[in-house]
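Listing of model37.cif; format and content: mmCIF, C-alpha atoms and all ligand atoms.
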```
data_target
loop_
_atom_site.label_atom_id
_atom_site.label_comp_id
_atom_site.auth_asym_id
_atom_site.auth_seq_id
_atom_site.Cartn_x
_atom_site.Cartn_y
_atom_site.Cartn_z
CA MET P 1385 -116.80 -7.93 -73.35
CA PHE P 1386 -118.58 -6.18 -70.50
CA SER P 1387 -117.56 -5.88 -66.88
CA ILE P 1388 -120.17 -5.23 -64.26
CA ILE P 1389 -119.39 -2.19 -62.14
CA GLY P 1390 -122.03 -1.06 -59.72
CA GLY P 1391 -124.68 -3.07 -61.51
CA MET P 1392 -124.07 -1.26 -64.81
CA ALA P 1393 -122.69 -2.87 -67.90
CA ARG P 1394 -119.76 -0.82 -69.10
CA PRO P 1395 -117.73 -1.46 -72.18
CA ARG P 1396 -114.10 -2.36 -71.64
CA ILE P 1397 -111.41 -0.29 -73.27
CA LEU P 1398 -111.75 -0.95 -76.95
CA THR P 1399 -109.04 -2.23 -79.22
CA ASP P 1400 -108.14 -0.16 -82.29
CA GLU P 1401 -110.01 -2.62 -84.48
CA GLN P 1402 -113.15 -2.34 -82.33
CA ARG P 1403 -112.87 1.44 -82.33
CA ARG P 1404 -112.60 1.51 -86.12
CA LYS P 1405 -115.55 -0.83 -86.43
CA ARG P 1406 -117.65 1.33 -84.10
CA LYS P 1407 -116.68 4.46 -86.05
CA ARG P 1408 -117.71 2.81 -89.35
CA THR P 1409 -121.06 1.75 -87.85
CA GLU P 1410 -121.73 5.26 -86.53
CA GLU P 1411 -120.79 6.78 -89.89
CA LYS P 1412 -123.11 4.33 -91.67
CA ARG P 1413 -126.00 5.21 -89.33
CA ARG P 1414 -125.33 8.94 -89.76
CA ARG P 1415 -125.45 8.60 -93.56
CA GLN P 1416 -128.63 6.53 -93.34
CA ARG P 1417 -130.30 9.20 -91.17
CA GLN P 1418 -129.16 11.89 -93.64
CA ARG P 1419 -130.62 9.89 -96.57
CA GLU P 1420 -133.96 9.45 -94.80
CA LYS P 1421 -134.06 13.15 -93.92
CA ASN P 1422 -133.23 14.12 -97.51
CA ILE P 1423 -135.98 11.88 -98.92
CA LYS P 1424 -138.52 13.53 -96.61
CA ILE P 1425 -137.65 17.04 -97.78
CA GLY P 1426 -137.36 16.09 -101.47
CA PHE P 1427 -133.58 16.27 -101.65
CA CYS P 1428 -131.15 13.89 -103.32
CA VAL P 1429 -130.12 10.93 -101.14
CA TYR P 1430 -126.49 11.40 -102.18
CA CYS P 1431 -126.09 15.16 -101.98
CA ASN P 1432 -127.99 18.24 -100.93
CA ASN P 1433 -129.36 19.14 -104.35
CA LYS P 1434 -133.03 18.94 -105.06
CA ALA P 1435 -134.17 15.48 -106.19
CA ILE P 1436 -136.08 14.86 -109.40
CA PRO P 1437 -139.68 14.74 -108.04
CA THR P 1438 -140.28 11.12 -109.13
CA LEU P 1439 -136.86 9.94 -107.93
CA LYS P 1440 -134.82 9.91 -104.76
CA SER P 1441 -131.83 11.49 -106.46
CA CYS P 1442 -130.82 14.62 -108.33
CA PHE P 1443 -130.23 14.59 -112.09
CA SER P 1444 -126.47 14.01 -111.90
CA HIS P 1445 -126.77 11.25 -109.29
CA TRP P 1446 -129.49 9.61 -111.37
CA LEU P 1447 -127.01 9.63 -114.26
CA ARG P 1448 -124.35 8.15 -111.96
CA GLU P 1449 -126.71 5.30 -111.10
CA LYS P 1450 -127.35 4.67 -114.81
CA SER P 1451 -123.61 4.78 -115.45
CA SER P 1452 -123.01 2.26 -112.68
CA PHE P 1453 -125.68 -0.08 -114.06
CA TYR P 1454 -124.83 0.15 -117.77
CA LEU P 1455 -121.13 1.05 -117.84
CA GLY P 1456 -120.04 -0.72 -114.67
CA THR P 1457 -118.80 2.46 -112.99
CA ARG P 1458 -120.44 5.57 -111.58
CA THR P 1459 -117.69 7.76 -113.02
CA ARG P 1460 -118.76 7.68 -116.69
CA TRP P 1461 -122.08 9.48 -116.18
CA LYS P 1462 -120.95 12.48 -118.27
CA GLU P 1463 -120.87 10.22 -121.36
CA LEU P 1464 -124.54 9.38 -120.78
CA LEU P 1465 -125.31 13.06 -120.33
CA ASP P 1466 -123.46 13.89 -123.57
CA MET P 1467 -125.51 11.23 -125.34
CA LEU P 1468 -128.78 12.58 -123.99
CA GLU P 1469 -127.80 16.11 -125.01
CA SER P 1470 -126.66 15.04 -128.47
CA GLN P 1471 -130.07 13.35 -128.90
CA GLU P 1472 -131.60 16.67 -127.77
CA TYR P 1473 -133.51 14.73 -125.10
CA LYS P 1474 -135.55 13.01 -127.80
CA CYS P 1475 -136.28 9.37 -128.49
CA PRO P 1476 -134.90 8.66 -131.98
CA PHE P 1477 -137.83 6.34 -132.76
CA THR P 1478 -140.90 8.01 -131.31
CA GLY P 1479 -139.64 11.59 -131.29
CA VAL P 1480 -141.06 12.12 -127.78
CA LEU P 1481 -139.22 14.25 -125.26
CA LEU P 1482 -137.18 12.15 -122.84
CA VAL P 1483 -137.77 13.17 -119.25
CA PRO P 1484 -135.37 11.90 -116.55
CA GLY P 1485 -137.28 10.04 -113.87
CA ASP P 1486 -140.23 9.61 -116.20
CA ASN P 1487 -139.71 8.03 -119.62
CA ALA P 1488 -135.96 8.39 -120.29
CA SER P 1489 -134.49 4.91 -120.52
CA ILE P 1490 -131.40 3.29 -121.97
CA ASP P 1491 -131.66 0.74 -124.76
CA HIS P 1492 -129.07 -1.69 -126.10
CA ILE P 1493 -128.91 -1.19 -129.87
CA ILE P 1494 -127.81 -4.82 -130.26
CA PRO P 1495 -129.64 -6.59 -127.42
CA LYS P 1496 -127.52 -8.26 -124.76
CA SER P 1497 -129.30 -11.55 -125.48
CA LYS P 1498 -127.92 -11.34 -129.02
CA GLY P 1499 -124.35 -10.63 -128.03
CA GLY P 1500 -124.65 -6.86 -127.60
CA THR P 1501 -122.31 -5.32 -125.07
CA ASN P 1502 -122.62 -2.59 -122.45
CA ASP P 1503 -120.24 -0.53 -124.57
CA ILE P 1504 -121.28 3.12 -124.85
CA ILE P 1505 -121.59 2.83 -128.65
CA ASN P 1506 -124.18 0.08 -128.20
CA LEU P 1507 -126.37 2.28 -126.01
CA GLN P 1508 -129.01 4.87 -126.84
CA TRP P 1509 -131.59 6.84 -124.91
CA VAL P 1510 -135.15 5.92 -125.86
CA ASP P 1511 -138.69 6.33 -124.64
CA PHE P 1512 -139.42 3.82 -121.87
CA LYS P 1513 -142.55 2.51 -123.64
CA TYR P 1514 -140.59 1.93 -126.84
CA ASN P 1515 -137.93 0.10 -124.85
CA THR P 1516 -140.49 -2.10 -123.10
CA ILE P 1517 -142.18 -3.17 -126.32
CA LYS P 1518 -138.89 -3.64 -128.18
CA ASN P 1519 -137.70 -5.92 -125.38
CA ASP P 1520 -134.82 -8.07 -126.69
CA MET P 1521 -135.37 -7.43 -130.40
CA SER P 1522 -132.75 -5.68 -132.51
CA ASN P 1523 -133.84 -2.48 -134.24
CA ASP P 1524 -134.40 -4.34 -137.52
CA GLU P 1525 -136.35 -7.17 -135.91
CA PHE P 1526 -138.50 -4.67 -134.08
CA MET P 1527 -139.28 -2.70 -137.25
CA ASP P 1528 -140.20 -5.94 -139.04
CA TYR P 1529 -142.44 -6.84 -136.12
CA ILE P 1530 -144.17 -3.45 -136.17
CA LYS P 1531 -144.62 -3.77 -139.95
CA MET P 1532 -146.21 -7.20 -139.54
CA LEU P 1533 -148.55 -5.87 -136.84
CA TYR P 1534 -149.49 -2.90 -138.97
CA GLU P 1535 -150.17 -4.93 -142.09
CA ARG P 1536 -152.14 -7.56 -140.26
CA ASN P 1537 -154.22 -5.29 -138.04
CA ILE P 1538 -154.34 -1.75 -139.28
CA LYS P 1539 -153.84 -1.56 -143.04
ZN ZN U 1601 -127.35 14.31 -105.92
#
```

Once more with this new file: its structure as structure tokens, please.
Amino acid sequence: MFSIIGGMARPRILTDEQRRKRKRTEEKRRRQRQREKNIKIGFCVYCNNKAIPTLKSCFSHWLREKSSFYLGTRTRWKELLDMLESQEYKCPFTGVLLVPGDNASIDHIIPKSKGGTNDIINLQWVDFKYNTIKNDMSNDEFMDYIKMLYERNIK
């Protein structure tokens, strides 16, 4: 690949494919540098908006990541935003305020382990703690569990 001219290694004339490959690599490195720079100054890694302090992305890019994870595409993030707004940023079970980058998490109403899908109608925003404790229980199972705990330990 290299010819030695005057003791220096010089690249030969590149083929179109090699040129494209080099361009892609340079573009990748440039984006990586931009991401690292943005993280340092508290900006979103995907755009030049301010990042949510606890995250590396801005609110809308955080929603895009959630959309990618739960709905299989980054493009449906507005549906998750609509859901959050229609819930008035509140967990339907605990009533606590849902804060992006803090406790706002997505729950499967019918758990995936019990045949629940990633369909938008099977999703709801809940408090992260609630979600963690609920784990793979359905809403009804979870309420029964809480009732049992209460009756056995508190009542
Ligand atoms: Zn962003």

Which residues of chain P come within 8 Å of ligand ZN 1601 (chain U), and for each one, what is the closest pair of atoms and their distance in Å to one decimal, counting only C-alpha atoms and all ligand atoms, sorted by chain and residue number, as JSON lines?
```
{"residue": "P:Phe1427", "atom": "CA", "partner": "U:ZN1601", "partner_atom": "ZN", "distance": 7.8}
{"residue": "P:Cys1428", "atom": "CA", "partner": "U:ZN1601", "partner_atom": "ZN", "distance": 4.6}
{"residue": "P:Val1429", "atom": "CA", "partner": "U:ZN1601", "partner_atom": "ZN", "distance": 6.5}
{"residue": "P:Tyr1430", "atom": "CA", "partner": "U:ZN1601", "partner_atom": "ZN", "distance": 4.8}
{"residue": "P:Cys1431", "atom": "CA", "partner": "U:ZN1601", "partner_atom": "ZN", "distance": 4.2}
{"residue": "P:Asn1432", "atom": "CA", "partner": "U:ZN1601", "partner_atom": "ZN", "distance": 6.4}
{"residue": "P:Asn1433", "atom": "CA", "partner": "U:ZN1601", "partner_atom": "ZN", "distance": 5.5}
{"residue": "P:Lys1434", "atom": "CA", "partner": "U:ZN1601", "partner_atom": "ZN", "distance": 7.4}
{"residue": "P:Ala1435", "atom": "CA", "partner": "U:ZN1601", "partner_atom": "ZN", "distance": 6.9}
{"residue": "P:Ser1441", "atom": "CA", "partner": "U:ZN1601", "partner_atom": "ZN", "distance": 5.3}
{"residue": "P:Cys1442", "atom": "CA", "partner": "U:ZN1601", "partner_atom": "ZN", "distance": 4.2}
{"residue": "P:Phe1443", "atom": "CA", "partner": "U:ZN1601", "partner_atom": "ZN", "distance": 6.8}
{"residue": "P:Ser1444", "atom": "CA", "partner": "U:ZN1601", "partner_atom": "ZN", "distance": 6.1}
{"residue": "P:His1445", "atom": "CA", "partner": "U:ZN1601", "partner_atom": "ZN", "distance": 4.6}
{"residue": "P:Trp1446", "atom": "CA", "partner": "U:ZN1601", "partner_atom": "ZN", "distance": 7.5}
```

- Task: Can you pull out every residue within 10 Å of Thr1516 of chain P, counting only C-alpha atoms, but drop anything in the same chain fewer than 4 positions away, and send it as a list in words?
- Result: Ser1489, Asp1491, Asp1511, Phe1512 and Asp1520 of chain P

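Neighbours of segment 1495-1507 of chain P closer than or equal to 7 Å, with all atoms listed in the file counted and sequence neighbours fewer than 5 positions away skipped, come out as Tyr1454, Leu1455, Ile1490, Asp1520, Met1521 and Ser1522 of chain P.
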
- Between atom CA of Lys1462 of chain P and atom CA of Arg1414 of chain P - distance in Å to one decimal: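 These atoms are spaced 29.1 Å apart.
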
- Item | Near-Asn1519 of chain P list (10 Å; all atoms listed in the file; drop same-chain fewer than 4 positions) as a list in words |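 Counting all atoms listed in the file, the residues come to Asp1491, His1492, Pro1495, Lys1513, Tyr1514, Asn1515 and Phe1526 of chain P.
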
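Atom to atom, atom CA of Arg1448 of chain P and atom CA of Ala1488 of chain P stand 14.3 Å apart.
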